[in-house]
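Take a look at the structure below.
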Amino acid sequence: MLGIHGDNASMNTARPAIVWTIAGSDSGGGAGIQADLATIQDLGCHGCSVITTVTAQSSVAVTLVEPVSAAMLMAQLTTLLSDLPPKAIKIGLLADQTQVALLADWIASFKIHYPSVPVIVDPVMVASCGDALAVDNCQDIKSAAKSALDFKPFKGLIELITPNVLELGRLTHSDVSTKAQFAAAALALSQSLDCSVLAKGGDVSFGSTDILENTHAKTHDNTYAQTQANAHNSNGWDLELAEDYLVCHQVRASSKLHQNGRFWLASQRVNTRHNHGSGCTLSSAIAAVLAQGFVLQDAVVVAKAYVSQGLSAAIGLGQGPGPLARTGWPNNLSRYAKINLCDGNYISHHLNQHLDVRSDLVATVLSATDQATAQVRIASTPPQNILSHGFKVLDADLGVYPVVSDLTMLESLLAAGVKTLQLRIKTDISELTTAELAESDLGKSALSRCESGEPELIGSELEAQIQTAIALGKHFNAQLFINDHWQLAIKYHAFGVHLGQEDLAVTDLAAIQAAGLALGISSHSYFELLLAHQYSPSYIALGHIFPTTTKQMPSAPQGIAKLKHYVALLQDHYPLVAIGGIDLTNLAKVKATGVGNIAVVRAITKAKDPLAAFAKLSQTWEQRSLSEELAVKHELVAKHE
C-alpha cells in the first residue's frame, strides 16, 4: 500500500495533525472547502471543515452565494473545538463583514487557550471564473465586490495573510501596478494587521490591476503568449517567473535572522489555464505544513512548491479552468522557489553580531571596506550569480564526522585515522557556559582580555591554534574543516570552511571558492537549506536533530520526521550531514532516514575514551549501511524472480 507521500513505504499509523479549514463550499469541487480538505489530506494531516458559505459554482460561473447563519457558524466552531482541536487553522471565504467580526471575536477567545496555534487567512474575493464571492448581504455580486471586506478585526490575531495582487490592492487601497508598489503594499498590510504577509504575484496580469474589469479575462486568457505580448507593461516583473513577496512579522521559532525578514520567492511560471483553487490550495497547504511543526517560512516554501507541481500536473474537468492535481509532498528540488533577500535587516543583524568584540575576534573582524562590500554584494547580487560553479565536490561521504574544539583531541583522532573532522573553537563569550569558561584556557584568556579591553592577544592565540590544526590536518592527509574563521582558513590553506547561516552575509564566499576550499553550511529548516543550496556548497548540515547543550539554538530540535523530509529533497544533490544530540542510543533512527553522514560532538568529546567512542560509532554506522545495502539487493533480486 502506498504511503501518504506516494512512495512504497508502509502506511503511516501515527496520529495525523488536525487542520481546520473555515471557508466556503465550492459545488464544483475545485476550490474552497473541497480543495482545502484534499490538500490537507494529501500532505498527511486530517482536515476538519467549518463552512461559512454555500456557493452554486462550476468551473465557468458562480450563480448564487448563500452565507450560513451566525448560529450555524458558531455551532460548527464550538462542536469541533470540544473534540477535535486544531494544530493550525486556515480561513478562506467569508461571506460578509458580520462573519469577519464574529470569527475575529471567536479567534481572540480561542487564542487565550491555544496561543501557539497558527491562523492563516486567504482573503478570497473572486472565484477563478471571475465572479465575486463576498456578498455582504447583497444579491448583486458585482456591486458587492466593489467594497472589499475589512480584515482589520483580525489585527494581532493571525499569523499570515495571503492576498493575490488584486486582493492586495483592494486591502491596502493602493496602486500595485509595479513590482515596487506591490512590495510596498505588502509591507503596509503587514504593519496594519500585525502579521506576516505572503503577497502572491503568480497571477499578476501585466498592465492591469482592476479586480472587476480584468479578472475574468485574466483567468481565461493569461497565457504565456499574452504575457510575452505585454512585456512592455511588466513594470519590474520577470515575465517568466511567478514571484511572491514574503514579509515576515515576528515569526515564532524562527531564526532571528529571518523572523522579521523580507524575501522574494521566485518559481518558474507554469503555463496552464487549469489553476482553479490555486489560492485555496496554497493557504491550506501552508496550514498543513505548519500543523506538522515547521516554521512559517518553511510552510510557505513547501506550499509554493506543492502548488507549482499541482499546476504542472493539472488537467481540465469542465469547460473552464480545472483544479490543481494532488501530487503529495514536494520532493523535487526544481519545484522550490529561489529565495532573494531584499532588505538590509539580514545584513545589519550579521554586522552587529560580528563586530561586537565579544562575538568575534580581531583576526576575523571585517574592515569598514569589507563591511560595505558585504552589504552591496548581499543586497544586490543573488548567491547563484556569485558562485556559478559552486564549491569543491567531496569525493566521498563523510561518515561519522567529529566536531571538536580541543587541539589535543583533534590530534589524537587524526593519529587514529579519522579522515574528516571539524575544528569549532567558540569565540563568542555568550556561547560559553561558566563551566566551559573555567575549563578552557582560551575561554579564560578571552574573558580576561575582553574585560581589560585588550582583545588583540586573543586573536593571536586563536590564529596560532587554527594554524596548528590545519598543519596537523595536512600531516595526516585529512579533510579538516574550520568553523567560522574563514580568513584564517584561507590564509593557512585549510581543506574547508564550515559556516552557519548567520555567517553568510559577512563572509567573502568568492574568496573561499577562489582559494579552492570546500564549504559546508548549516541549516535548521527547509527555508535555510534552500538558502544553503543556492550557494552550491560541498555539503549541507541538517540540524539540530535532537536536544543539544553544546550550542545555544534559536530553533526547536528538528526531529526524525523533518530530517526524513530534508533527506528526500536533497539526497541526490549533496552529501547531507545530520547533527545535534546524535549518539549510539538514537543512531539507528537517524540512519533509517537515509541521511548519509552524521556529525557528532558530545558523543565523542564528553566520552571517557573519545577514540573508543568514535570507533564504536563508526562501526555501528558502517554495519547499518552494509545491512541496508544487503536488504536492497535482496529486494531487487526478489522483484526479478
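Order determines the names: the first chain of the C-alpha cells is A, the second B, and so forth; residues in each chain are numbered 1 upward, and ligands are numbered 1 upward as they are shown.
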Exercise: Ile339 in chain A partners within 12 Å, only C-alpha atoms, chain neighbours under 2 positions left out, as a VMD selection string: chain A and resid 243 to 246 258 261 to 267 297 to 298 300 to 301 304 336 to 337 341 to 342 381 to 384 526 to 535
I need the chosen residues saved as an mmCIF file, in the first residue's frame, with C-alpha atoms.
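That gives us out.cif:
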data_model
loop_
_atom_site.group_PDB
_atom_site.id
_atom_site.type_symbol
_atom_site.label_atom_id
_atom_site.label_comp_id
_atom_site.auth_asym_id
_atom_site.auth_seq_id
_atom_site.Cartn_x
_atom_site.Cartn_y
_atom_site.Cartn_z
ATOM 1 C CA GLU A 243 7.175 35.873 -7.876
ATOM 2 C CA ASP A 244 5.714 36.147 -4.386
ATOM 3 C CA TYR A 245 6.763 38.605 -1.685
ATOM 4 C CA LEU A 246 7.046 37.309 1.877
ATOM 5 C CA HIS A 258 14.670 35.681 9.326
ATOM 6 C CA GLY A 261 12.887 39.487 7.104
ATOM 7 C CA ARG A 262 11.511 40.236 3.657
ATOM 8 C CA PHE A 263 12.056 37.911 0.729
ATOM 9 C CA TRP A 264 11.158 37.449 -2.914
ATOM 10 C CA LEU A 265 10.262 33.829 -3.699
ATOM 11 C CA ALA A 266 10.600 33.117 -7.414
ATOM 12 C CA SER A 267 9.429 29.974 -9.222
ATOM 13 C CA GLN A 297 8.983 30.293 6.238
ATOM 14 C CA ASP A 298 9.243 26.523 5.738
ATOM 15 C CA VAL A 300 5.450 28.900 2.675
ATOM 16 C CA VAL A 301 8.225 27.435 0.508
ATOM 17 C CA LYS A 304 4.544 27.111 -3.009
ATOM 18 C CA TYR A 336 11.125 25.012 -4.891
ATOM 19 C CA ALA A 337 11.436 28.770 -5.131
ATOM 20 C CA LEU A 341 16.891 38.602 0.377
ATOM 21 C CA CYS A 342 15.578 42.046 -0.386
ATOM 22 C CA THR A 381 23.527 40.050 -6.036
ATOM 23 C CA PRO A 382 21.861 36.659 -5.598
ATOM 24 C CA PRO A 383 24.267 33.915 -4.483
ATOM 25 C CA GLN A 384 23.748 31.812 -7.581
ATOM 26 C CA TYR A 526 13.510 23.983 4.749
ATOM 27 C CA PHE A 527 13.975 27.710 4.254
ATOM 28 C CA GLU A 528 17.582 27.634 5.430
ATOM 29 C CA LEU A 529 18.526 24.526 3.464
ATOM 30 C CA LEU A 530 17.151 26.202 0.324
ATOM 31 C CA LEU A 531 19.309 29.237 1.085
ATOM 32 C CA ALA A 532 22.296 26.918 1.566
ATOM 33 C CA HIS A 533 21.526 25.160 -1.720
ATOM 34 C CA GLN A 534 21.694 28.473 -3.582
ATOM 35 C CA TYR A 535 25.408 28.699 -2.700
#
Selection near Leu317 in chain A, 10 Å with only C-alpha atoms, sequence-local residues under 4 positions removed, as an NGL selection string: :A and (28 or 30 or 59 or 274 or 321-323)
Nearest residue to Val404 in chain A from the set A:Ile604, A:Cys280, A:Ile521, A:Ala314 (distances using only C-alpha atoms): A:Ile604
DSSP-assigned helix (DSSP H, G or I) members of range 51-125 of chain A, reported as an NGL selection string: :A and (70-83 or 97-113)
Within 9 Å of Pro153 in chain A using only C-alpha atoms, minus same-chain residues under 3 positions, as a list in words: Val100, Ala101, Leu103, Ala104, Asp105, Asp150, Gly156, Leu157 and Leu193 of chain A
Shell around Lys87 in chain A at 7 Å using only C-alpha atoms, local window under 4 positions removed, as a PyMOL selection string: chain A and resi 17-19+117+291
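Shortest atom-to-atom contact with Ala561 in chain A among A:Val50, A:Val497, A:Ala14, A:Leu394: A:Ala14, counting only C-alpha atoms.
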Point-to-point distance from CA of Thr53 in chain A to CA of Gly24 in chain A, Å rounded to tenths: 4.4 Å
Among the residues A:Ser284, A:Gln250, A:Thr63, A:Asn164, the one that comes closest to Cys48 in chain A [using only C-alpha atoms]: A:Ser284
Selection: 9 Å around Pro16 in chain A, only C-alpha atoms, excl. self and same-chain fewer than 4 positions, as a ChimeraX atom specification: /A:12,44-46,292
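Each of A:Ala88, A:Val595, A:Leu398, A:Leu102 was compared to Met72 in chain A using only C-alpha atoms, and A:Leu102 turns out to be the nearest.
One distance worth recording is that between CA of Ala148 in chain A and CA of Gln97 in chain A, which is 9.3 Å.
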Long-range neighbours of range 613-625 of chain A as a PyMOL selection string, 7 Å cut-off, only C-alpha atoms, 5 positions minimum in chain: chain A and resi 400+584+604+607
